[in-house]
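See below for the structure under consideration.
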Amino acid sequence: GDSVTQMEGPVTLSEEAFLTINCTYTATGYPSLFWYVQYPGEGLQLLLKATKADDKGSNKGFEATYRKETTSFHLEKGSVQVSDSAVYFCALPAMDSSYKLIFGSGTRLLVRP
Amino acid sequence: GAVVSQHPSRVICKSGTSVKIECRSLDFQATTMFWYRQFPKQSLMLMATSNEGSKATYEQGVEKDKFLINHASLTLSTLTVTSAHPEDSSFYICSARKTGAGELFFGEGSRLTVL
C-alpha cells in the first residue's frame with residue numbers, strides 16, 4: 001500500500017544553518033505530496049504542497065521538489081530560524097478517494113540560537 | 001483562510017468518565033472530518049472518518065464503542081471518549097475537508113489526560 005518514510009529526528013541545527021529533511025514515498029500513480037508543520041502544543045498546518053512531478057512547493061523559505069524518479073519530496077530551507085523549531089510531517093493522500101492523508105512519522109527540528 | 005477549531009484544548013478527567021471533544025469548521029462547510037490520535041513520539045494515527053449525516057468509518061483496531069463520533073452538521077463533529085482510562089490520555093487532532101475541495105484543514109488539537 002501507499003506509504004511515506006521520513007528521516008528520524010530529532011534534527012538539531014544552529015540558527016542560519018541549512019536544513020534538509022528527507023521524505024520518500026511509495027504510491028500507485030503520482031499523488032499530490034504535502035509537508036505539514038506542527039508547532040509545540042498546536043495542530044498541523046499545511047506548509048507546502050506539490051501536485052505533479054517536478055513541481056516545487058514553497059512557503060516561508062521552505063522548498064520541496066516532487067521527484068518521481070527517486071520518489072522523493074525532501075524539505076529544504078537555506079537558513080533556519082529558532083522559530084522553525086517544530087515537527088514536520090510529509091504526507092500523501094490515500095488512493096481510495098477517501099481524502100485521507102497518509103503521514104510519515106514526523107521529524108522533530110530543534111533550532112538553537 | 002479556513003479555520004478549524006477544537007474544544008476543549010485541554011481536559012483532565014477521572015478514570016471511568018466520558019469526555020466529549022468538539023471539532024468545528026468556523027468559516028466553511030465540511031462534509032468530511034477526520035479524527036487523529038497523536039502518540040508521545042509524535043506519530044499520527046487516523047482513528048476514523050466522520051461523514052455528515054452518516055455513521056463514521058473507523059480504522060482497523062479502533063474501538064467504535066469506545067470512541068463515539070457524531071457528525072451532526074456540516075460544521076461540527078464530536079469525538080466522545082467513553083469510560084476513559086489512563087491509556088486513553090493523548091493528543092487528539094481533527095481535520096476537516098472543505099466541501100468541494102480536496103485540501104484538509106486541521107484543528108489545534110485537544111490534550112486529554114485521564115487520571
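Residues are named by chain letter and number: chains run A, B, ... in the order of the C-alpha cells, numbers start at 1 in each chain, and ligands are numbered from 1 in the order shown.
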
What residues in chain B lie within 10 Å of chain A, counting only C-alpha atoms, written as an NGL selection string? :B and (4-6 or 9 or 32-34 or 41-46 or 48-49 or 91-97 or 101-111)

Backbone-only DSSP, strand (DSSP E) members of chain B, as a PyMOL selection string: chain B and resi 4-7+10-13+19-25+30-38+44-51+57-58+67-73+76-81+90-98+104-106+110-114

B:Thr57, B:Leu112, B:Pro40, B:Glu63: which is nearest B:Ile21, counting only C-alpha atoms?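 Selected residue with least distance to B:Ile21: B:Leu112.
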
If we count only C-alpha atoms and set the cut-off at 7 Å, which residues sit around A:Glu16, ignoring sequence neighbours fewer than 2 positions away in its own chain? Please answer as a list in words. Ser14, Phe18, Ser79, Val80 and Gln81 of chain A

Restricting the output to N, CA and C atoms, write the selected residues as a compact mmCIF listing (two decimals), in the first residue's frame.
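File produced: result_31.txt:
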```
# COMPACT_ATOMS: atom_id res chain seq x y z
N SER A 14 21.96 24.79 14.30
CA SER A 14 22.16 26.16 14.77
C SER A 14 21.42 27.10 13.84
N PHE A 18 21.67 25.25 7.11
CA PHE A 18 20.86 24.70 6.03
C PHE A 18 20.14 23.45 6.52
N SER A 79 18.25 28.76 5.44
CA SER A 79 18.72 29.39 6.67
C SER A 79 17.61 29.30 7.71
N VAL A 80 17.76 28.38 8.63
CA VAL A 80 16.67 28.16 9.59
C VAL A 80 16.73 29.18 10.73
N GLN A 81 15.59 29.39 11.34
CA GLN A 81 15.46 30.28 12.48
C GLN A 81 14.96 29.49 13.69
```

Please list as a VMD selection string every residue within 10 Å of A:Asn22, counting only C-alpha atoms and excluding residues in the same chain fewer than 2 positions away. chain A and resid 5 to 8 19 to 20 24 64 72 to 76 90 107
